[in-house]
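As stored in target18.cif (mmCIF, C-alpha atoms):
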```
data_final
#
loop_
_atom_site.group_PDB
_atom_site.id
_atom_site.type_symbol
_atom_site.label_atom_id
_atom_site.label_comp_id
_atom_site.auth_asym_id
_atom_site.auth_seq_id
_atom_site.Cartn_x
_atom_site.Cartn_y
_atom_site.Cartn_z
ATOM 1 C CA MET A 165 -52.229 91.524 -35.724
ATOM 2 C CA LYS A 166 -52.623 87.798 -35.404
ATOM 3 C CA ARG A 167 -52.420 86.230 -31.986
ATOM 4 C CA MET A 168 -49.555 83.787 -31.523
ATOM 5 C CA SER A 169 -50.659 80.180 -31.161
ATOM 6 C CA ALA A 170 -49.954 78.179 -28.025
ATOM 7 C CA VAL A 171 -47.268 76.298 -29.922
ATOM 8 C CA GLY A 172 -45.718 79.561 -31.073
ATOM 9 C CA LEU A 173 -45.751 80.973 -27.555
ATOM 10 C CA ALA A 174 -44.048 77.841 -26.233
ATOM 11 C CA ALA A 175 -41.421 77.988 -28.968
ATOM 12 C CA ALA A 176 -40.738 81.650 -28.233
ATOM 13 C CA ALA A 177 -40.375 80.907 -24.531
ATOM 14 C CA LEU A 178 -37.906 78.109 -25.243
ATOM 15 C CA LEU A 179 -35.944 80.407 -27.539
ATOM 16 C CA CYS A 180 -35.692 83.012 -24.785
ATOM 17 C CA ILE A 181 -34.484 80.382 -22.337
ATOM 18 C CA PHE A 182 -31.933 79.126 -24.864
ATOM 19 C CA ASP A 183 -30.681 82.664 -25.492
ATOM 20 C CA ALA A 184 -30.327 83.291 -21.755
ATOM 21 C CA GLN A 185 -28.316 80.123 -21.305
ATOM 22 C CA ALA A 186 -26.286 80.502 -24.496
ATOM 23 C CA GLY A 187 -25.376 84.133 -23.798
ATOM 24 C CA PRO A 188 -22.606 83.397 -21.271
ATOM 25 C CA LEU A 189 -21.307 80.589 -23.488
ATOM 26 C CA ARG A 190 -21.111 82.931 -26.470
ATOM 27 C CA GLU A 191 -19.315 85.483 -24.309
ATOM 28 C CA ARG A 192 -16.851 82.835 -23.105
ATOM 29 C CA LEU A 193 -16.145 81.676 -26.660
ATOM 30 C CA ALA A 194 -15.727 85.252 -27.911
ATOM 31 C CA GLU A 195 -13.347 85.991 -25.046
ATOM 32 C CA ARG A 196 -11.292 82.908 -25.812
ATOM 33 C CA ARG A 197 -11.111 83.779 -29.501
ATOM 34 C CA ALA A 198 -9.951 87.289 -28.631
ATOM 35 C CA GLU A 199 -7.314 85.991 -26.231
ATOM 36 C CA SER A 200 -6.064 83.388 -28.674
ATOM 37 C CA GLY A 201 -5.382 85.906 -31.407
ATOM 38 C CA ALA A 202 -4.000 84.756 -34.728
ATOM 39 C CA GLU A 203 -3.394 81.064 -35.142
ATOM 40 C CA VAL A 204 0.141 80.078 -34.259
ATOM 41 C CA ARG A 205 2.206 78.787 -37.163
ATOM 42 C CA LEU A 206 3.645 75.335 -36.639
ATOM 43 C CA PRO A 207 7.214 74.365 -37.546
ATOM 44 C CA ALA A 208 7.533 72.540 -40.858
ATOM 45 C CA GLY A 209 6.419 68.916 -40.707
ATOM 46 C CA SER A 210 4.508 69.317 -37.433
ATOM 47 C CA ARG A 211 0.778 68.711 -37.213
ATOM 48 C CA ALA A 212 -2.034 69.502 -34.799
ATOM 49 C CA GLN A 213 -5.043 67.600 -33.508
ATOM 50 C CA ARG A 214 -7.425 70.070 -31.903
ATOM 51 C CA ASN A 215 -10.316 69.860 -29.464
ATOM 52 C CA ILE A 216 -9.833 66.266 -28.392
ATOM 53 C CA ALA A 217 -12.490 65.535 -25.771
ATOM 54 C CA TYR A 218 -11.586 64.176 -22.342
ATOM 55 C CA GLY A 219 -15.078 64.801 -20.916
ATOM 56 C CA GLU A 220 -18.581 65.779 -21.988
ATOM 57 C CA HIS A 221 -18.390 69.520 -21.224
ATOM 58 C CA ALA A 222 -17.386 71.882 -24.041
ATOM 59 C CA ASP A 223 -14.460 73.145 -21.955
ATOM 60 C CA GLN A 224 -13.053 69.643 -21.441
ATOM 61 C CA ARG A 225 -10.931 69.712 -24.570
ATOM 62 C CA MET A 226 -7.230 69.599 -25.442
ATOM 63 C CA ASP A 227 -5.042 70.366 -28.450
ATOM 64 C CA VAL A 228 -2.071 68.197 -29.396
ATOM 65 C CA TYR A 229 0.928 69.341 -31.447
ATOM 66 C CA ILE A 230 3.020 66.536 -32.891
ATOM 67 C CA PRO A 231 6.519 66.917 -34.370
ATOM 68 C CA ASP A 232 7.479 65.212 -37.596
ATOM 69 C CA GLY A 233 8.574 61.604 -37.089
ATOM 70 C CA ALA A 234 7.611 61.416 -33.407
ATOM 71 C CA ARG A 235 8.476 58.040 -31.900
ATOM 72 C CA ASP A 236 8.529 57.337 -28.159
ATOM 73 C CA ALA A 237 8.678 61.106 -27.802
ATOM 74 C CA PRO A 238 8.483 63.064 -24.550
ATOM 75 C CA VAL A 239 5.283 65.035 -23.981
ATOM 76 C CA LEU A 240 4.966 68.543 -22.539
ATOM 77 C CA PHE A 241 1.530 68.893 -20.924
ATOM 78 C CA LEU A 242 0.516 72.578 -20.659
ATOM 79 C CA VAL A 243 -2.137 74.118 -18.382
ATOM 80 C CA HIS A 244 -3.027 77.759 -19.064
ATOM 81 C CA GLY A 245 -3.519 80.456 -16.466
ATOM 82 C CA GLY A 246 -6.095 83.215 -16.170
ATOM 83 C CA GLY A 247 -7.084 83.537 -12.530
ATOM 84 C CA TRP A 248 -9.057 80.255 -12.562
ATOM 85 C CA ARG A 249 -11.717 82.211 -14.476
ATOM 86 C CA ARG A 250 -10.481 82.797 -18.039
ATOM 87 C CA GLY A 251 -7.804 81.794 -20.545
ATOM 88 C CA ASP A 252 -7.496 79.352 -23.409
ATOM 89 C CA LYS A 253 -5.334 76.442 -24.541
ATOM 90 C CA ALA A 254 -4.602 78.157 -27.871
ATOM 91 C CA HIS A 255 -3.498 81.493 -26.420
ATOM 92 C CA GLY A 256 -0.483 82.671 -28.397
ATOM 93 C CA ARG A 257 1.423 83.805 -25.312
ATOM 94 C CA LEU A 258 1.058 80.316 -23.879
ATOM 95 C CA ILE A 259 1.986 78.181 -26.852
ATOM 96 C CA GLY A 260 3.687 80.271 -29.535
ATOM 97 C CA ASN A 261 7.324 80.259 -28.459
ATOM 98 C CA LYS A 262 7.036 76.896 -26.718
ATOM 99 C CA LEU A 263 5.895 75.191 -29.917
ATOM 100 C CA ALA A 264 8.586 76.905 -31.962
ATOM 101 C CA HIS A 265 11.248 75.672 -29.539
ATOM 102 C CA TRP A 266 10.152 72.202 -28.459
ATOM 103 C CA LEU A 267 8.463 70.758 -31.551
ATOM 104 C CA PRO A 268 11.723 70.859 -33.561
ATOM 105 C CA ALA A 269 13.397 69.200 -30.572
ATOM 106 C CA GLY A 270 11.046 66.223 -30.991
ATOM 107 C CA VAL A 271 8.730 67.025 -28.060
ATOM 108 C CA ILE A 272 4.960 66.535 -28.353
ATOM 109 C CA VAL A 273 3.016 69.433 -26.797
ATOM 110 C CA VAL A 274 -0.458 69.037 -25.301
ATOM 111 C CA SER A 275 -2.411 72.145 -24.252
ATOM 112 C CA VAL A 276 -5.613 71.754 -22.232
ATOM 113 C CA ASN A 277 -8.737 73.695 -21.387
ATOM 114 C CA TYR A 278 -10.761 73.046 -18.247
ATOM 115 C CA ARG A 279 -13.980 74.267 -16.664
ATOM 116 C CA MET A 280 -13.563 77.561 -14.841
ATOM 117 C CA LEU A 281 -15.095 79.851 -12.237
ATOM 118 C CA PRO A 282 -17.873 80.434 -11.480
ATOM 119 C CA ASP A 283 -19.099 77.133 -12.937
ATOM 120 C CA ALA A 284 -16.309 74.951 -11.524
ATOM 121 C CA ASP A 285 -14.373 75.472 -8.299
ATOM 122 C CA VAL A 286 -10.627 74.961 -7.960
ATOM 123 C CA LEU A 287 -10.878 71.308 -6.911
ATOM 124 C CA THR A 288 -13.113 70.562 -9.897
ATOM 125 C CA GLN A 289 -10.555 72.286 -12.119
ATOM 126 C CA ARG A 290 -7.819 70.099 -10.650
ATOM 127 C CA ASP A 291 -9.940 67.033 -11.405
ATOM 128 C CA ASP A 292 -10.373 68.241 -14.992
ATOM 129 C CA VAL A 293 -6.607 68.573 -15.384
ATOM 130 C CA ALA A 294 -6.158 65.078 -13.935
ATOM 131 C CA ALA A 295 -8.732 63.672 -16.374
ATOM 132 C CA ALA A 296 -7.045 65.441 -19.294
ATOM 133 C CA LEU A 297 -3.675 64.056 -18.245
ATOM 134 C CA ALA A 298 -5.022 60.507 -18.011
ATOM 135 C CA LYS A 299 -6.603 60.831 -21.456
ATOM 136 C CA ALA A 300 -3.413 62.273 -22.940
ATOM 137 C CA GLN A 301 -1.279 59.503 -21.470
ATOM 138 C CA SER A 302 -3.656 56.869 -22.846
ATOM 139 C CA LEU A 303 -3.522 58.448 -26.322
ATOM 140 C CA ALA A 304 0.199 59.260 -26.343
ATOM 141 C CA PRO A 305 1.262 56.089 -28.224
ATOM 142 C CA THR A 306 -1.093 56.983 -31.083
ATOM 143 C CA TRP A 307 0.775 60.288 -31.443
ATOM 144 C CA GLY A 308 4.198 58.681 -31.273
ATOM 145 C CA GLY A 309 4.597 59.684 -27.629
ATOM 146 C CA ASP A 310 5.778 57.843 -24.542
ATOM 147 C CA PRO A 311 3.198 57.985 -21.711
ATOM 148 C CA SER A 312 5.965 57.584 -19.131
ATOM 149 C CA ARG A 313 7.846 60.681 -20.380
ATOM 150 C CA PHE A 314 5.312 63.403 -19.588
ATOM 151 C CA VAL A 315 6.301 66.729 -18.032
ATOM 152 C CA LEU A 316 3.581 68.895 -16.480
ATOM 153 C CA MET A 317 3.844 72.660 -16.989
ATOM 154 C CA GLY A 318 1.451 75.420 -15.974
ATOM 155 C CA HIS A 319 1.481 79.198 -15.788
ATOM 156 C CA SER A 320 -0.088 81.274 -13.005
ATOM 157 C CA ALA A 321 -3.411 79.634 -12.034
ATOM 158 C CA GLY A 322 -2.399 76.749 -14.299
ATOM 159 C CA ALA A 323 0.817 76.370 -12.302
ATOM 160 C CA HIS A 324 -1.257 76.164 -9.123
ATOM 161 C CA LEU A 325 -3.437 73.423 -10.642
ATOM 162 C CA VAL A 326 -0.350 71.496 -11.797
ATOM 163 C CA ALA A 327 1.167 71.813 -8.332
ATOM 164 C CA LEU A 328 -2.059 70.725 -6.650
ATOM 165 C CA LEU A 329 -2.238 67.637 -8.847
ATOM 166 C CA ALA A 330 1.460 66.804 -8.669
ATOM 167 C CA ALA A 331 1.605 67.188 -4.884
ATOM 168 C CA ALA A 332 -0.900 64.343 -4.461
ATOM 169 C CA PRO A 333 -0.898 62.279 -7.689
ATOM 170 C CA GLN A 334 -4.085 60.471 -8.671
ATOM 171 C CA GLY A 335 -4.190 57.114 -10.456
ATOM 172 C CA GLU A 336 -1.363 54.804 -11.404
ATOM 173 C CA ARG A 337 0.335 56.836 -14.141
ATOM 174 C CA ARG A 338 3.198 59.114 -13.187
ATOM 175 C CA TRP A 339 5.332 61.683 -14.977
ATOM 176 C CA LEU A 340 8.947 62.834 -15.067
ATOM 177 C CA GLY A 341 8.549 66.218 -13.409
ATOM 178 C CA SER A 342 6.586 69.448 -13.067
ATOM 179 C CA VAL A 343 7.470 73.002 -14.137
ATOM 180 C CA LEU A 344 5.643 75.806 -12.334
ATOM 181 C CA LEU A 345 5.647 79.175 -14.094
ATOM 182 C CA ASP A 346 5.072 81.938 -11.534
ATOM 183 C CA SER A 347 2.351 80.560 -9.311
ATOM 184 C CA GLY A 348 1.403 82.861 -6.455
ATOM 185 C CA ALA A 349 -0.643 80.193 -4.664
ATOM 186 C CA LEU A 350 1.482 77.318 -3.399
ATOM 187 C CA ASP A 351 0.758 77.823 0.306
ATOM 188 C CA VAL A 352 -2.853 78.939 0.017
ATOM 189 C CA GLU A 353 -3.487 79.117 3.761
ATOM 190 C CA ARG A 354 -0.606 81.541 4.264
ATOM 191 C CA LEU A 355 -1.574 83.525 1.154
ATOM 192 C CA MET A 356 -5.144 84.061 2.338
ATOM 193 C CA LYS A 357 -3.972 85.335 5.738
ATOM 194 C CA GLU A 358 -1.735 87.921 4.081
ATOM 195 C CA ARG A 359 -2.698 90.923 2.003
ATOM 196 C CA HIS A 360 -3.688 89.520 -1.395
ATOM 197 C CA ALA A 361 -5.443 90.292 -4.672
ATOM 198 C CA GLY A 362 -9.194 89.862 -4.941
ATOM 199 C CA LEU A 363 -8.922 87.107 -7.521
ATOM 200 C CA PHE A 364 -7.667 84.797 -4.752
ATOM 201 C CA ASP A 365 -10.858 85.430 -2.768
ATOM 202 C CA ASP A 366 -12.862 84.398 -5.829
ATOM 203 C CA ALA A 367 -10.844 81.184 -6.148
ATOM 204 C CA PHE A 368 -10.362 80.156 -2.523
ATOM 205 C CA GLY A 369 -13.207 81.767 -0.590
ATOM 206 C CA LYS A 370 -13.213 82.270 3.178
ATOM 207 C CA ALA A 371 -13.151 78.741 4.589
ATOM 208 C CA PRO A 372 -9.775 77.660 6.055
ATOM 209 C CA ALA A 373 -10.613 74.012 5.350
ATOM 210 C CA PHE A 374 -10.938 74.844 1.637
ATOM 211 C CA TRP A 375 -7.671 76.785 1.743
ATOM 212 C CA ARG A 376 -5.875 73.692 2.968
ATOM 213 C CA ALA A 377 -7.638 71.390 0.502
ATOM 214 C CA THR A 378 -6.542 73.621 -2.387
ATOM 215 C CA SER A 379 -3.019 74.281 -1.077
ATOM 216 C CA PRO A 380 -0.262 72.311 -2.865
ATOM 217 C CA LEU A 381 1.985 72.693 0.186
ATOM 218 C CA HIS A 382 -0.597 71.089 2.465
ATOM 219 C CA GLN A 383 -1.218 68.236 0.015
ATOM 220 C CA LEU A 384 2.419 67.152 -0.061
ATOM 221 C CA GLY A 385 2.757 63.910 1.846
ATOM 222 C CA GLY A 386 5.951 62.363 0.538
ATOM 223 C CA PRO A 387 8.482 62.420 -2.287
ATOM 224 C CA THR A 388 7.113 63.378 -5.699
ATOM 225 C CA ALA A 389 8.547 63.745 -9.195
ATOM 226 C CA PRO A 390 11.113 66.593 -9.407
ATOM 227 C CA TRP A 391 9.984 70.209 -9.599
ATOM 228 C CA LEU A 392 11.234 73.380 -11.265
ATOM 229 C CA ALA A 393 9.594 76.471 -9.791
ATOM 230 C CA VAL A 394 10.046 79.700 -11.763
ATOM 231 C CA CYS A 395 9.007 82.973 -10.133
ATOM 232 C CA SER A 396 9.132 86.654 -11.007
ATOM 233 C CA SER A 397 11.546 88.483 -8.700
ATOM 234 C CA ARG A 398 9.385 91.534 -9.350
ATOM 235 C CA ARG A 399 6.595 89.805 -7.397
ATOM 236 C CA ARG A 400 7.874 89.295 -3.855
ATOM 237 C CA GLN A 401 4.854 87.278 -2.794
ATOM 238 C CA ALA A 402 5.279 84.815 -5.670
ATOM 239 C CA CYS A 403 8.935 84.099 -4.878
ATOM 240 C CA ASP A 404 8.140 83.906 -1.150
ATOM 241 C CA GLN A 405 5.525 81.277 -1.962
ATOM 242 C CA VAL A 406 8.142 79.312 -3.934
ATOM 243 C CA LYS A 407 10.619 79.443 -1.043
ATOM 244 C CA VAL A 408 8.081 78.099 1.463
ATOM 245 C CA PHE A 409 6.901 75.413 -0.945
ATOM 246 C CA ALA A 410 10.461 74.395 -1.811
ATOM 247 C CA GLN A 411 11.307 73.939 1.864
ATOM 248 C CA ARG A 412 8.322 71.608 2.275
ATOM 249 C CA VAL A 413 9.228 69.628 -0.864
ATOM 250 C CA ARG A 414 12.722 69.028 0.521
ATOM 251 C CA GLU A 415 11.389 68.132 3.963
ATOM 252 C CA THR A 416 9.277 65.392 2.345
ATOM 253 C CA GLY A 417 12.280 63.988 0.473
ATOM 254 C CA GLY A 418 11.671 65.570 -2.922
ATOM 255 C CA ARG A 419 13.778 67.605 -5.307
ATOM 256 C CA ILE A 420 12.924 71.131 -6.383
ATOM 257 C CA ASP A 421 14.941 73.715 -8.310
ATOM 258 C CA GLU A 422 14.088 77.382 -7.785
ATOM 259 C CA LEU A 423 14.463 79.854 -10.654
ATOM 260 C CA PRO A 424 13.740 83.498 -9.803
ATOM 261 C CA LEU A 425 13.816 85.727 -12.891
ATOM 262 C CA ASP A 426 13.742 89.471 -13.448
ATOM 263 C CA LEU A 427 10.765 89.156 -15.779
ATOM 264 C CA SER A 428 7.116 90.148 -15.496
ATOM 265 C CA HIS A 429 4.413 87.599 -14.748
ATOM 266 C CA GLY A 430 3.323 87.598 -18.396
ATOM 267 C CA ASP A 431 6.843 87.465 -19.805
ATOM 268 C CA ILE A 432 7.645 84.353 -17.773
ATOM 269 C CA ASN A 433 4.909 82.677 -19.780
ATOM 270 C CA GLU A 434 5.540 84.223 -23.184
ATOM 271 C CA GLN A 435 9.346 84.253 -23.314
ATOM 272 C CA LEU A 436 9.835 80.592 -22.473
ATOM 273 C CA GLY A 437 11.052 79.037 -25.708
ATOM 274 C CA LEU A 438 12.917 82.108 -26.932
ATOM 275 C CA PRO A 439 16.724 81.823 -27.204
ATOM 276 C CA GLY A 440 18.430 82.824 -23.962
ATOM 277 C CA ASP A 441 19.380 81.785 -20.444
ATOM 278 C CA TYR A 442 15.788 81.283 -19.293
ATOM 279 C CA THR A 443 14.983 78.660 -21.916
ATOM 280 C CA ARG A 444 18.426 77.053 -21.503
ATOM 281 C CA GLN A 445 17.864 76.611 -17.769
ATOM 282 C CA VAL A 446 14.450 75.024 -18.316
ATOM 283 C CA ASP A 447 15.968 72.747 -20.969
ATOM 284 C CA ALA A 448 18.709 71.758 -18.534
ATOM 285 C CA PHE A 449 16.064 70.670 -16.021
ATOM 286 C CA LEU A 450 14.161 68.744 -18.694
ATOM 287 C CA ARG A 451 17.373 67.057 -19.808
ATOM 288 C CA ASP A 452 18.254 66.174 -16.232
ATOM 289 C CA ILE A 453 14.928 64.381 -15.633
ATOM 290 C CA GLY A 454 15.048 62.515 -18.946
ATOM 291 C CA ALA A 455 12.628 64.575 -21.013
ATOM 292 C CA LEU A 456 15.268 65.820 -23.452
ATOM 293 C CA LYS A 457 18.402 64.250 -24.879
#
```
Can the structure in the file be given as structure tokens, please?
Amino acid sequence: MKRMSAVGLAAAALLCIFDAQAGPLRERLAERRAESGAEVRLPAGSRAQRNIAYGEHADQRMDVYIPDGARDAPVLFLVHGGGWRRGDKAHGRLIGNKLAHWLPAGVIVVSVNYRMLPDADVLTQRDDVAAALAKAQSLAPTWGGDPSRFVLMGHSAGAHLVALLAAAPQGERRWLGSVLLDSGALDVERLMKERHAGLFDDAFGKAPAFWRATSPLHQLGGPTAPWLAVCSSRRRQACDQVKVFAQRVRETGGRIDELPLDLSHGDINEQLGLPGDYTRQVDAFLRDIGALK
């Protein structure tokens, strides 16, 4: 057997290093493909622009869904959940029914990915969402959208990130309102002192200073854009978190509507956009803040 040359040995070593580094990335991509499932069909006349970069990292990407004839259109800015560790902007449960409902109503929908645990902590994730929002608002006119008519919406961990950003807005651009879909982490300090799921330990750690820095309630310092906070009445802790957060929003001069629903955590995400009282109540909020006619 021939001995491998020095160049060959070096190349083999580099290949091993590449495989070690690429392994987790391949796993992440495979997981996202599995979660996304079949590609969602768009309503007639709508179009998509996918994987628009708002940063250099592969996870700093967003998809944009544009209705036919969009002109000065409102924009729904979606942030997926997944325990701050997993999830994807193209997940069918996140976007399927929302696209089917709001694209025909003339609403542009933006869905974003962001860096996740363990590579990026919660504050870095918030900064990613802020950067994606700034990029989307700068590009909105090219899609036929109005950068002043954005509505932020997130589910689960995504709702926490939306709340964290909206409680202490960054930059000059603002938005019409924020819709929180079943976040269990609005008062993080209180949450971490109560009995809680292990995923919160992964996200928020053991340092009280970090709990406060990542707590939307503790970041509220004054009036903000209006809120709609949806929570599953089957999850007492989630609705308790909404009640405490809502009290603080009102104390600081803001408006918040609470919407407890007898739906599971997943159904609150997936069923929004289907015909029924739930979607009608969200539409009423959007209409009230100027996002729908």
Counting only C-alpha atoms, what are the residues of stretch 217-255 of chain A within 12 Å of stretch 277-290 of chain A, and for each of them which pair of atoms is the nearest and at what distance in Å, to one decimal? Sort the table by chain and rising number, as CSV.
```
residue,atom,partner,partner_atom,distance
A:Ala217,CA,A:Asn277,CA,10.0
A:Tyr218,CA,A:Tyr278,CA,9.8
A:Gly219,CA,A:Tyr278,CA,9.7
A:Glu220,CA,A:Arg279,CA,11.0
A:His221,CA,A:Arg279,CA,7.9
A:Ala222,CA,A:Arg279,CA,8.5
A:Asp223,CA,A:Tyr278,CA,5.2
A:Gln224,CA,A:Tyr278,CA,5.2
A:Arg225,CA,A:Asn277,CA,5.6
A:Met226,CA,A:Asn277,CA,6.0
A:Asp227,CA,A:Asn277,CA,8.6
A:Val228,CA,A:Asn277,CA,11.8
A:Phe241,CA,A:Asn277,CA,11.3
A:Leu242,CA,A:Asn277,CA,9.3
A:Val243,CA,A:Asn277,CA,7.3
A:His244,CA,A:Asn277,CA,7.4
A:Gly245,CA,A:Asn277,CA,9.9
A:Gly246,CA,A:Met280,CA,9.5
A:Gly247,CA,A:Leu281,CA,8.8
A:Trp248,CA,A:Met280,CA,5.7
A:Arg249,CA,A:Leu281,CA,4.7
A:Arg250,CA,A:Met280,CA,6.9
A:Gly251,CA,A:Asn277,CA,8.2
A:Asp252,CA,A:Asn277,CA,6.1
A:Lys253,CA,A:Asn277,CA,5.4
A:Ala254,CA,A:Asn277,CA,8.9
A:His255,CA,A:Asn277,CA,10.7
```
Practice task
Name the residues in contact with stretch 417-425 of chain A at a cut-off of 12 Å, using only C-alpha atoms, excluding same-chain residues fewer than 6 positions from it; report them as a ChimeraX atom specification.
Solution key: /A:327,330-331,340-347,384-411,431-433,435-436,441-446,448-450,452-453
Practice task
For atom CA of A:Ala455 and atom CA of A:Val315, determine how far apart the two atoms are, in Å to one decimal place.
Solution key: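 Computing it gives 7.3 Å between the two atoms.
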Handout entry: Reference answer for the PyMOL selection byres ((chain A and resi 261-264) around 9), as a count of residues only
Key = 22
Handout entry: Length of the atom CA of A:Pro305 to atom CA of A:Lys457 vector [Å]
Key = 19.3 Å
Exercise for the section: Name the residues within 10 Å of (0.5, 82.1, 2.1), counting all atoms listed in the file in the file's coordinates, and put them as a list in words. Expected result: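 Every residue inside that radius is included here: Gly348, Ala349, Leu350, Asp351, Val352, Glu353, Arg354, Leu355, Met356, Lys357, Glu358, Arg359, His360, Trp375, Ser379, Leu381, Gln401, Ala402, Asp404, Gln405, Val408 and Phe409 of chain A.
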Handout entry: Distance in Å - atom CA of A:Asp291 versus atom CA of A:Phe314
Key = 17.7 Å
Handout entry: For A:Trp339, the nearest of the candidates A:Ala208, A:Ala323, A:Leu240, A:Ile216, counting all atoms listed in the file
Key = A:Leu240
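Checking A:Gln383, A:Gln301, A:Ser210, A:Asn215 one by one against A:Gly270, counting all atoms listed in the file, you find the shortest gap at A:Ser210.
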